[in-house]
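Asks: Sharing a structure, written as structure tokens. Questions coming.
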There are 2 protein chains.
Amino acid sequence: MSDKFSPQEIDTVYRLIAQRRDIRHFLPGAIDENVLLRLFTAAHQAPSVGLMQPWRFIRILNADVRHAIFNIVDEERSNTALELGERGSEFLRLKVEGIRECGELIVVTLMDGRDPYVFGRRTLPEMDIASVACAIQNMWLASRAEGLGMGWVSLFDPERLARLLSIPPGGKPIAIICLGHVEQFYPKPMLELEGWERQRNLNDLVFVDHWGSGEAVASSSHQKLGEDTPL
Amino acid sequence: MSDKFSPQEIDTVYRLIAQRRDIRHFLPGAIDENVLLRLFTAAHQAPSVGLMQPWRFIRILNADVRHAIFNIVDEERSNTALELGERGSEFLRLKVEGIRECGELIVVTLMDGRDPYVFGRRTLPEMDIASVACAIQNMWLASRAEGLGMGWVSLFDPERLARLLSIPPGGKPIAIICLGHVEQFYPKPMLELEGWERQRNLNDLVFVDHWGSGEAVASSSHQKLGEDTPL
């Protein structure tokens, strides 16, 4: 297996990263088990703090459990709309999940028994969540490459979901993953297309030596960082 | 730009995911500014909860600031060794960062003013960290494709680092990223090669319908999930 990536392969990687989307619109149909195995393997190859590998995956195959998960999400959707105040009704018009339609539903949870893992976590215990997020991002990119849509739903009460799935004390669900076939991938993030939020300008996010200073990337590159950058 | 990925391109993606490593050994030499711009762009194309884009990047170009960061990490390294007790001396023998040697040092921080972003965060405020981790994973994979090594250091007191870099209240650094040229990519995760931790078996991490149940992947695929899986 080669150790290097060709210019063409590098282009493929950037195209993949650019075309990955958070998907909420699915077509019916199960996911091939071999594809699923490749996606789980990709997730499991993610980096983790101190190599603790804190990710656990629960495939939801039972229709009643899937329905119960939908109800938990739907309730949190209402609660979020209330908290959003004046943007609440705008929020309720958005499609925020595809739990009932997607071919495969997966809950990703933090493992129990994490306290002894202090390597890289003594001052930043949340690094376990960061590791699981890296695993999910691997899965997301691999899904996109396979032509499958994936969405990460975090609209739920983690304690209720933990009880539903018998997650032991210390464990915690952080993602409901919808995976499935799609008619298309959104040309831009759906929340940008829907006008919920705008894409920020990269130049405003990169500083030098301390927060808030400018000119962080070579001036020769500045034009590529403008509003027209195809993100 | 094509919407699909060929079988060969899909293989490239899986090879990339499999060959990405957390790097602590670097060769000297700066990173090309255009490459750096591509890496930041890849990070900025990550998904984020409610499209809040909570990532901020601080490039460390000043040698004194870099040295001060090294000192903060070195102190936390000692504190971690103490807390690890009997594994403390084993921990101290590991190379856990390449801050002084890497060509480019970047601190990644959560933005300030996150409280109003409740979409997907009302019950799970830590989703902002998950979003930043996805951005870092994008950067990690893009770096590997470019033939550059990258390491994520989380051994630091976030408050001290925030003060050093004038990060405003509400912001929080979660990663010191070492980026640089390398002689080689480790054939396996360094902490596995060094005997710190073992790779878990994927079959033990995937459940069905509730925590802890087995047979989560099709039995026809089981042989691929055994100890010999090249992770």
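By order of appearance in the structure tokens: chains A, B, ..., then residues from 1 within every chain, and ligands from 1 in the order shown.
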Show me, as a PyMOL selection string, every residue of chain B with an atom at most 6 Å from chain A, counting only C-alpha atoms.
Replies: chain B and resi 5+10+56-60+120+123+130+133-134+137+145+154-155+157+165-167+205-211
Asks: Return the single residue from A:Arg100, A:Arg114, A:Arg160, A:His67 that is closest to Cys178 of chain A, with distances computed using only C-alpha atoms.
Replies: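 Among A:Arg100, A:Arg114, A:Arg160, A:His67, it is A:Arg100 that comes nearest to Cys178 of chain A.
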Asks: Kindly indicate which residue among B:Leu110, B:Leu92, B:Gly98, B:Gly195 lies nearest to Gly180 of chain B, using only C-alpha atoms for the distances.
Replies: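 For Gly180 of chain B, the nearest of the candidates is B:Gly98.
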Asks: For atom CA of Asp115 of chain B and atom CA of Lys172 of chain B, quote the distance in Å rounded to one decimal.
Replies: 13.3 Å
Asks: DSSP on the backbone: which residues in segment 15-67 of chain A end up as strand (DSSP E)? Give the answer as a VMD selection string.
Replies: chain A and resid 55 to 60
